[in-house]
Structures are given as C-alpha cells and as structure tokens.
Amino acid sequence: MQCDQCKKDITFLYYIGRSNICNKCIGKYTVFKEVRNSEDALLRKALRAFDIKTFDDLKNVTEVQLDELSMGNIKEKSKQTLKYKKNKTSAVSVGTEDTLDYQTEYDTEYA
C-alpha cells in the first residue's frame, strides 16, 4: 500500500481518517515521535480521545495535550465503533410437531 503523505509503498500503514499514513511520516510531522521506532499505544489512545478525522487534525495535537493524555487527565471518549443489531425474534420458526433426530441424520449421511 502507499502512504498518502510520502507516496512510498510500505506494507504497514496507520489508517487515520481517510488517509493511510506510515510510521515515519507520523514521527516526522506530529508530536508522536515514539511511533517511528517503538510503540503506538499513545497514538491509539489519542485517536480515541481527541476528535481526529484527518491527518491534519493529528498534526494539530500539541505537546501539552500529549502530556495531559499520558498523565490521564484527558479521558477517552466512549464512542461505539461497531453497532450491533439485536435480533429479538428468530428467523427460523419451529413448530411443536417438528423434531430433530441427530442419529438418523448421521446414519443417512454416511451410509
């Protein structure tokens, strides 16, 4: 895949908003310098805590905000990333006269 910032083909990219960014560009253009060499835990926490839609929003995060986030003064927003639809009624209707005999099904399959 190709980084949207430096246009190089790199196998592992971070998906930030609509753009794919490599770890070298994140370390170069933002305050998240540790992403370039070691870990990305603070970056992932910042993506959950701040309202970051694009890579430019990530560039606007300051050192003060990063320090407050690492100290725990800024809480993560509890937004649901996946929405589940609960099925309250079953799609399969089983009548009272319907029975299922597992042994006879096995006998007919392998006979």
# chains A, B, ... in the order shown; residues from 1 in each chain; ligands from 1

call {"tool": "residues_around", "arguments": {"residues": "Ile52 in chain A", "least_positions_apart": "6", "cutoff": "10 Å", "atoms": "only C-alpha atoms", "output": "PyMOL selection string"}}
result
chain A and resi 16-17+46+58-61

call {"tool": "write_last_selection", "arguments": {"atoms": "N, CA and C atoms", "output": "PDB file, in the first residue's frame"}}
result
ATOM      1  N   ILE A  16      -5.805   6.747   9.361  1.00  0.00           N
ATOM      2  CA  ILE A  16      -6.234   7.913  10.129  1.00  0.00           C
ATOM      3  C   ILE A  16      -7.218   8.692   9.260  1.00  0.00           C
ATOM      4  N   GLY A  17      -8.461   8.621   9.640  1.00  0.00           N
ATOM      5  CA  GLY A  17      -9.494   9.272   8.843  1.00  0.00           C
ATOM      6  C   GLY A  17      -9.624   8.573   7.500  1.00  0.00           C
ATOM      7  N   ALA A  46      -4.724   8.563  21.707  1.00  0.00           N
ATOM      8  CA  ALA A  46      -5.056   9.910  21.216  1.00  0.00           C
ATOM      9  C   ALA A  46      -6.138   9.851  20.147  1.00  0.00           C
ATOM     10  N   LEU A  58      -4.459  15.349  13.370  1.00  0.00           N
ATOM     11  CA  LEU A  58      -3.430  14.726  14.193  1.00  0.00           C
ATOM     12  C   LEU A  58      -2.199  15.618  14.304  1.00  0.00           C
ATOM     13  N   LYS A  59      -1.906  16.355  13.253  1.00  0.00           N
ATOM     14  CA  LYS A  59      -0.776  17.295  13.294  1.00  0.00           C
ATOM     15  C   LYS A  59      -1.019  18.429  14.283  1.00  0.00           C
ATOM     16  N   ASN A  60      -2.280  18.771  14.542  1.00  0.00           N
ATOM     17  CA  ASN A  60      -2.615  19.879  15.429  1.00  0.00           C
ATOM     18  C   ASN A  60      -2.554  19.522  16.906  1.00  0.00           C
ATOM     19  N   VAL A  61      -2.314  18.260  17.250  1.00  0.00           N
ATOM     20  CA  VAL A  61      -2.184  17.863  18.653  1.00  0.00           C
ATOM     21  C   VAL A  61      -0.863  18.411  19.189  1.00  0.00           C
TER      22      VAL A  61
END

call {"tool": "select_by_dssp", "arguments": {"residues": "range 8-66 of chain A", "states": "strand (DSSP E)", "output": "list in words"}}
result
Tyr14, Tyr15, Ile16, Ser19, Asn20 and Ile21 of chain A

call {"tool": "write_last_selection", "arguments": {"atoms": "N, CA and C atoms", "output": "PDB file, in the first residue's frame"}}
result
ATOM      1  N   TYR A  14      -0.926   3.216   9.045  1.00  0.00           N
ATOM      2  CA  TYR A  14      -1.966   3.593  10.004  1.00  0.00           C
ATOM      3  C   TYR A  14      -3.090   4.242   9.222  1.00  0.00           C
ATOM      4  N   TYR A  15      -4.298   3.839   9.527  1.00  0.00           N
ATOM      5  CA  TYR A  15      -5.477   4.402   8.881  1.00  0.00           C
ATOM      6  C   TYR A  15      -6.018   5.506   9.769  1.00  0.00           C
ATOM      7  N   ILE A  16      -5.805   6.747   9.361  1.00  0.00           N
ATOM      8  CA  ILE A  16      -6.234   7.913  10.129  1.00  0.00           C
ATOM      9  C   ILE A  16      -7.218   8.692   9.260  1.00  0.00           C
ATOM     10  N   SER A  19      -7.061   8.766   5.272  1.00  0.00           N
ATOM     11  CA  SER A  19      -5.715   8.661   4.720  1.00  0.00           C
ATOM     12  C   SER A  19      -4.939   7.521   5.368  1.00  0.00           C
ATOM     13  N   ASN A  20      -4.050   6.933   4.604  1.00  0.00           N
ATOM     14  CA  ASN A  20      -3.134   5.897   5.071  1.00  0.00           C
ATOM     15  C   ASN A  20      -1.772   6.545   5.278  1.00  0.00           C
ATOM     16  N   ILE A  21      -1.254   6.464   6.501  1.00  0.00           N
ATOM     17  CA  ILE A  21      -0.018   7.151   6.854  1.00  0.00           C
ATOM     18  C   ILE A  21       0.969   6.139   7.424  1.00  0.00           C
TER      19      ILE A  21
END

call {"tool": "residues_around", "arguments": {"residues": "Cys3 in chain A", "least_positions_apart": "2", "cutoff": "10 Å", "atoms": "only C-alpha atoms", "output": "PyMOL selection string"}}
result
chain A and resi 1+5-15+19-25

call {"tool": "residues_around", "arguments": {"residues": "Val64 in chain A", "least_positions_apart": "5", "cutoff": "12 Å", "atoms": "only C-alpha atoms", "output": "ChimeraX atom specification"}}
result
/A:31,69-71,73-74

call {"tool": "write_last_selection", "arguments": {"atoms": "C-alpha atoms", "output": "compact mmCIF listing (two decimals), in the first residue's frame"}}
result
# COMPACT_ATOMS: atom_id res chain seq x y z
CA VAL A 31 4.37 15.01 18.29
CA LEU A 69 -3.22 12.44 27.80
CA SER A 70 -0.27 10.40 29.03
CA MET A 71 -0.86 11.53 32.63
CA ASN A 73 -6.03 14.00 32.69
CA ILE A 74 -7.84 13.66 29.37

call {"tool": "atom_distance", "arguments": {"atom1": "CA of Thr62 in chain A", "atom2": "CA of Thr30 in chain A"}}
result
8.5 Å

call {"tool": "atom_distance", "arguments": {"atom1": "CA of Lys77 in chain A", "atom2": "CA of Arg36 in chain A"}}
result
25.4 Å
